[in-house]
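This is upload33.cif (mmCIF, C-alpha atoms).
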```cif
data_data
#
loop_
_atom_site.group_PDB
_atom_site.id
_atom_site.type_symbol
_atom_site.label_atom_id
_atom_site.label_comp_id
_atom_site.auth_asym_id
_atom_site.auth_seq_id
_atom_site.Cartn_x
_atom_site.Cartn_y
_atom_site.Cartn_z
ATOM 1 C CA MET A 1 0.000 0.000 0.000
ATOM 2 C CA ALA A 2 1.394 3.403 -0.954
ATOM 3 C CA ILE A 3 1.663 5.855 1.953
ATOM 4 C CA THR A 4 2.342 9.545 1.361
ATOM 5 C CA GLY A 5 3.069 12.085 4.077
ATOM 6 C CA ASN A 6 5.729 13.123 6.543
ATOM 7 C CA GLN A 7 7.764 10.507 8.419
ATOM 8 C CA GLU A 8 5.514 10.594 11.493
ATOM 9 C CA PHE A 9 2.447 9.995 9.310
ATOM 10 C CA ILE A 10 4.123 7.159 7.399
ATOM 11 C CA THR A 11 5.282 5.469 10.619
ATOM 12 C CA LYS A 12 1.889 5.713 12.340
ATOM 13 C CA THR A 13 0.064 4.550 9.210
ATOM 14 C CA LYS A 14 2.324 1.502 8.940
ATOM 15 C CA GLU A 15 1.643 0.769 12.623
ATOM 16 C CA ALA A 16 -2.109 1.087 12.027
ATOM 17 C CA LEU A 17 -1.946 -1.275 9.056
ATOM 18 C CA LYS A 18 0.131 -3.697 11.122
ATOM 19 C CA ILE A 19 -2.469 -3.907 13.891
ATOM 20 C CA LEU A 20 -5.212 -4.300 11.275
ATOM 21 C CA GLU A 21 -3.520 -7.588 10.353
ATOM 22 C CA GLN A 22 -5.017 -8.891 13.634
ATOM 23 C CA VAL A 23 -8.499 -8.404 12.189
ATOM 24 C CA PRO A 24 -9.312 -11.048 9.563
ATOM 25 C CA GLU A 25 -12.381 -9.115 8.380
ATOM 26 C CA PHE A 26 -10.124 -6.274 7.229
ATOM 27 C CA GLU A 27 -8.678 -8.557 4.547
ATOM 28 C CA VAL A 28 -12.065 -8.483 2.778
ATOM 29 C CA VAL A 29 -11.890 -4.711 2.212
ATOM 30 C CA ARG A 30 -8.120 -4.205 2.075
ATOM 31 C CA PRO A 31 -7.865 -4.875 -1.696
ATOM 32 C CA TYR A 32 -10.173 -1.897 -2.259
ATOM 33 C CA LEU A 33 -7.728 0.589 -0.766
ATOM 34 C CA GLY A 34 -4.466 1.189 -2.608
ATOM 35 C CA ALA A 35 -3.047 4.302 -0.974
ATOM 36 C CA ILE A 36 -3.193 6.416 2.162
ATOM 37 C CA GLU A 37 -2.091 10.048 2.183
ATOM 38 C CA THR A 38 -2.260 13.121 4.360
ATOM 39 C CA ALA A 39 -4.898 15.677 3.485
ATOM 40 C CA LYS A 40 -6.774 18.627 4.898
ATOM 41 C CA ARG A 41 -9.725 16.376 5.842
ATOM 42 C CA SER A 42 -10.527 12.676 5.855
ATOM 43 C CA GLY A 43 -12.401 10.682 3.233
ATOM 44 C CA VAL A 44 -11.930 8.055 0.565
ATOM 45 C CA ASP A 45 -11.330 8.976 -3.069
ATOM 46 C CA VAL A 46 -12.349 6.085 -5.320
ATOM 47 C CA TYR A 47 -11.791 8.111 -8.494
ATOM 48 C CA GLN A 48 -7.983 8.249 -8.329
ATOM 49 C CA SER A 49 -5.945 5.665 -10.228
ATOM 50 C CA VAL A 50 -5.960 3.639 -6.993
ATOM 51 C CA PRO A 51 -8.577 4.141 -4.262
ATOM 52 C CA THR A 52 -7.008 6.492 -1.748
ATOM 53 C CA TYR A 53 -7.833 7.207 1.872
ATOM 54 C CA LYS A 54 -7.072 10.864 2.482
ATOM 55 C CA VAL A 55 -6.461 11.479 6.172
ATOM 56 C CA GLY A 56 -6.923 14.740 8.059
ATOM 57 C CA ASN A 57 -4.743 15.663 11.026
ATOM 58 C CA VAL A 58 -7.464 15.136 13.646
ATOM 59 C CA THR A 59 -7.918 11.544 12.480
ATOM 60 C CA PHE A 60 -4.217 10.820 12.090
ATOM 61 C CA GLN A 61 -3.386 12.256 15.511
ATOM 62 C CA SER A 62 -6.000 10.162 17.319
ATOM 63 C CA SER A 63 -5.205 6.917 19.146
ATOM 64 C CA LEU A 64 -3.678 4.148 17.042
ATOM 65 C CA PRO A 65 -6.701 1.818 17.362
ATOM 66 C CA TRP A 66 -9.070 4.623 16.360
ATOM 67 C CA TYR A 67 -6.912 5.612 13.390
ATOM 68 C CA ALA A 68 -6.709 1.965 12.281
ATOM 69 C CA SER A 69 -10.488 1.631 12.543
ATOM 70 C CA THR A 70 -10.953 4.691 10.318
ATOM 71 C CA ILE A 71 -8.793 3.046 7.672
ATOM 72 C CA ALA A 72 -11.124 0.040 7.829
ATOM 73 C CA HIS A 73 -14.156 2.362 7.662
ATOM 74 C CA ASP A 74 -13.053 4.111 4.486
ATOM 75 C CA ALA A 75 -11.857 0.861 2.906
ATOM 76 C CA CYS A 76 -15.422 -0.342 3.500
ATOM 77 C CA HIS A 77 -16.788 2.624 1.505
ATOM 78 C CA SER A 78 -14.409 1.782 -1.339
ATOM 79 C CA PHE A 79 -15.482 -1.881 -1.133
ATOM 80 C CA LEU A 80 -19.159 -0.842 -1.410
ATOM 81 C CA TYR A 81 -18.342 1.387 -4.401
ATOM 82 C CA TYR A 82 -16.520 -1.332 -6.332
ATOM 83 C CA GLN A 83 -19.048 -4.021 -5.438
ATOM 84 C CA GLU A 84 -21.861 -1.834 -6.750
ATOM 85 C CA LYS A 85 -19.865 -0.920 -9.859
ATOM 86 C CA GLU A 86 -19.330 -4.620 -10.545
ATOM 87 C CA ARG A 87 -23.035 -5.321 -10.016
ATOM 88 C CA LEU A 88 -23.805 -2.559 -12.535
ATOM 89 C CA LYS A 89 -21.355 -4.133 -15.024
ATOM 90 C CA GLY A 90 -18.963 -1.170 -14.961
ATOM 91 C CA LYS A 91 -21.484 1.660 -14.837
ATOM 92 C CA GLU A 92 -20.950 4.387 -12.291
ATOM 93 C CA PRO A 93 -22.785 3.624 -9.021
ATOM 94 C CA ASN A 94 -25.258 5.991 -7.456
ATOM 95 C CA PHE A 95 -23.515 8.008 -4.722
ATOM 96 C CA GLU A 96 -26.072 6.841 -2.150
ATOM 97 C CA SER A 97 -25.123 3.201 -2.737
ATOM 98 C CA TRP A 98 -21.672 3.646 -1.248
ATOM 99 C CA MET A 99 -21.741 6.978 0.632
ATOM 100 C CA GLY A 100 -25.381 7.493 1.673
ATOM 101 C CA GLU A 101 -26.793 6.970 5.161
ATOM 102 C CA LYS A 102 -27.337 3.209 4.748
ATOM 103 C CA ALA A 103 -23.799 2.793 3.442
ATOM 104 C CA GLU A 104 -22.502 4.938 6.295
ATOM 105 C CA VAL A 105 -24.209 2.711 8.853
ATOM 106 C CA LYS A 106 -22.687 -0.397 7.209
ATOM 107 C CA CYS A 107 -19.221 1.151 7.370
ATOM 108 C CA LEU A 108 -19.717 2.354 10.958
ATOM 109 C CA ILE A 109 -20.789 -1.139 12.036
ATOM 110 C CA PHE A 110 -17.732 -2.570 10.281
ATOM 111 C CA GLN A 111 -15.536 0.060 11.953
ATOM 112 C CA LEU A 112 -17.008 -0.829 15.344
ATOM 113 C CA GLN A 113 -16.324 -4.539 14.805
ATOM 114 C CA VAL A 114 -12.731 -3.729 13.895
ATOM 115 C CA LEU A 115 -12.259 -1.301 16.788
ATOM 116 C CA GLN A 116 -13.597 -3.808 19.320
ATOM 117 C CA LYS A 117 -10.958 -6.298 18.170
ATOM 118 C CA LEU A 118 -8.216 -3.700 18.616
ATOM 119 C CA THR A 119 -9.149 -2.054 21.916
ATOM 120 C CA GLN A 120 -11.614 -1.874 24.765
ATOM 121 C CA GLU A 121 -11.393 1.955 24.735
ATOM 122 C CA GLU A 122 -14.907 2.589 26.040
ATOM 123 C CA CYS A 123 -15.281 6.226 24.912
ATOM 124 C CA ALA A 124 -14.365 5.346 21.301
ATOM 125 C CA ILE A 125 -16.738 2.376 21.252
ATOM 126 C CA ILE A 126 -19.590 4.457 22.690
ATOM 127 C CA HIS A 127 -18.854 7.221 20.183
ATOM 128 C CA LEU A 128 -19.190 4.792 17.279
ATOM 129 C CA GLN A 129 -22.394 3.350 18.708
ATOM 130 C CA GLU A 130 -23.823 6.880 18.864
ATOM 131 C CA LEU A 131 -22.806 7.561 15.261
ATOM 132 C CA ILE A 132 -24.523 4.344 14.162
ATOM 133 C CA GLU A 133 -27.722 5.601 15.800
ATOM 134 C CA ASN A 134 -27.393 8.997 14.083
ATOM 135 C CA PRO A 135 -25.284 8.636 10.911
ATOM 136 C CA THR A 136 -26.177 12.048 9.482
ATOM 137 C CA TYR A 137 -22.899 13.632 10.636
ATOM 138 C CA GLN A 138 -21.417 12.727 7.240
ATOM 139 C CA ASN A 139 -24.005 14.913 5.502
ATOM 140 C CA ARG A 140 -21.794 17.909 6.230
ATOM 141 C CA GLU A 141 -20.160 19.265 3.141
ATOM 142 C CA TYR A 142 -16.789 17.560 2.676
ATOM 143 C CA LYS A 143 -15.091 20.965 2.580
ATOM 144 C CA ASP A 144 -16.551 21.745 6.027
ATOM 145 C CA ARG A 145 -15.206 18.646 7.765
ATOM 146 C CA ASP A 146 -12.706 19.138 10.555
ATOM 147 C CA TRP A 147 -11.547 15.535 10.910
#
```
Encoded form using structure tokens:
Amino acid sequence: MAITGNQEFITKTKEALKILEQVPEFEVVRPYLGAIETAKRSGVDVYQSVPTYKVGNVTFQSSLPWYASTIAHDACHSFLYYQEKERLKGKEPNFESWMGEKAEVKCLIFQLQVLQKLTQEECAIIHLQELIENPTYQNREYKDRDW
């Protein structure tokens, strides 16, 4: 996996990917993420030559288990995109199919499963459970995100 950023970012990202090896479910979505790079805000870009998780500072500077779980979360979005594109025989999927509220809940549940295998950090687990109950946080304009 290509990793682009400063040395601290590269080191922490490699550590996050290393602990994700402990989670067999991650292997299902891993092929749908080809690069991780620093960015102003976090989100997956499936339209680059390889699907790329762009990571904002708030996300990167969080705990290692949380950061790793966000990698799994955005790899899940990429997985949903490519699965839908395959189902549509190469046609471009509807945005809702891989980034809408239902897709967000799927990726949050996946993230929670991953996080629970990496840590028992109660505040992070509760936070994810709350997001699953109210997944509309992602409706904010991408440019307005602070994570």
Write out as a compact mmCIF listing (two decimals) with C-alpha atoms, keeping the file's coordinate frame which residues come within 10 Å of stretch 27-38 of chain A when counting only C-alpha atoms, dropping same-chain ones fewer than 2 positions away.
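Saved result, selection19.txt, follows:
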```
# COMPACT_ATOMS: atom_id res chain seq x y z
CA MET A 1 0.00 0.00 0.00
CA ALA A 2 1.39 3.40 -0.95
CA ILE A 3 1.66 5.86 1.95
CA THR A 4 2.34 9.54 1.36
CA GLY A 5 3.07 12.08 4.08
CA ASN A 6 5.73 13.12 6.54
CA PHE A 9 2.45 9.99 9.31
CA ILE A 10 4.12 7.16 7.40
CA THR A 13 0.06 4.55 9.21
CA LEU A 17 -1.95 -1.27 9.06
CA LEU A 20 -5.21 -4.30 11.28
CA GLU A 21 -3.52 -7.59 10.35
CA GLN A 22 -5.02 -8.89 13.63
CA VAL A 23 -8.50 -8.40 12.19
CA PRO A 24 -9.31 -11.05 9.56
CA GLU A 25 -12.38 -9.12 8.38
CA LYS A 40 -6.77 18.63 4.90
CA ARG A 41 -9.72 16.38 5.84
CA SER A 42 -10.53 12.68 5.86
CA VAL A 44 -11.93 8.06 0.56
CA ASP A 45 -11.33 8.98 -3.07
CA VAL A 46 -12.35 6.08 -5.32
CA GLN A 48 -7.98 8.25 -8.33
CA SER A 49 -5.94 5.66 -10.23
CA VAL A 50 -5.96 3.64 -6.99
CA PRO A 51 -8.58 4.14 -4.26
CA THR A 52 -7.01 6.49 -1.75
CA TYR A 53 -7.83 7.21 1.87
CA LYS A 54 -7.07 10.86 2.48
CA VAL A 55 -6.46 11.48 6.17
CA GLY A 56 -6.92 14.74 8.06
CA ASN A 57 -4.74 15.66 11.03
CA PHE A 60 -4.22 10.82 12.09
CA ILE A 71 -8.79 3.05 7.67
CA ALA A 72 -11.12 0.04 7.83
CA HIS A 73 -14.16 2.36 7.66
CA ASP A 74 -13.05 4.11 4.49
CA ALA A 75 -11.86 0.86 2.91
CA CYS A 76 -15.42 -0.34 3.50
CA HIS A 77 -16.79 2.62 1.50
CA SER A 78 -14.41 1.78 -1.34
CA PHE A 79 -15.48 -1.88 -1.13
CA LEU A 80 -19.16 -0.84 -1.41
CA TYR A 81 -18.34 1.39 -4.40
CA TYR A 82 -16.52 -1.33 -6.33
CA GLN A 83 -19.05 -4.02 -5.44
```
For this session: Please provide the set of residues having any atom within 7 Å of stretch 111-123 of chain A, restricted to all atoms listed in the file, with same-chain residues fewer than 4 positions apart removed, written as a list in words.
Result: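 Contacts, in chain order: Val23, Pro65, Trp66, Ser69, Thr70, Ala72, His73, Cys107, His127 and Leu128 of chain A.
Closest approach to A:Tyr47 among A:Pro93, A:Glu130, A:Leu64, A:Val105 is made by A:Pro93 (distances from only C-alpha atoms).
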Build an axis-aligned box that encloses every atom of stretch 38-48 of chain A listed in the file, pad it by 3 Å on each side, and report its centre and edge lengths in Å to one decimal, as lines of an AutoDock Vina configuration file.
```
center_x = -7.3
center_y = 12.4
center_z = -1.3
size_x = 16.1
size_y = 18.5
size_z = 20.3
```
Problem set entry | Two-atom distance - atom CA of A:Lys12, atom CA of A:Ala124 (Å) |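 Pair atom CA of A:Lys12 / atom CA of A:Ala124 returns 18.6 Å.
The coordinates place atom CA of A:Val58 at 10.5 Å from atom CA of A:Ala39.
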For this session: Calculate how many Å separate atom CA of A:Glu15 from atom CA of A:Ser63, rounding to one decimal.
Result: 11.3 Å
For this session: Please provide the set of residues having any atom within 9 Å of A:Glu84, restricted to all atoms listed in the file, with same-chain residues fewer than 4 positions apart removed, written as a list in words.
Result: Phe79, Leu80, Leu88, Lys89, Gly90, Lys91, Glu92, Pro93, Asn94, Ser97 and Trp98 of chain A
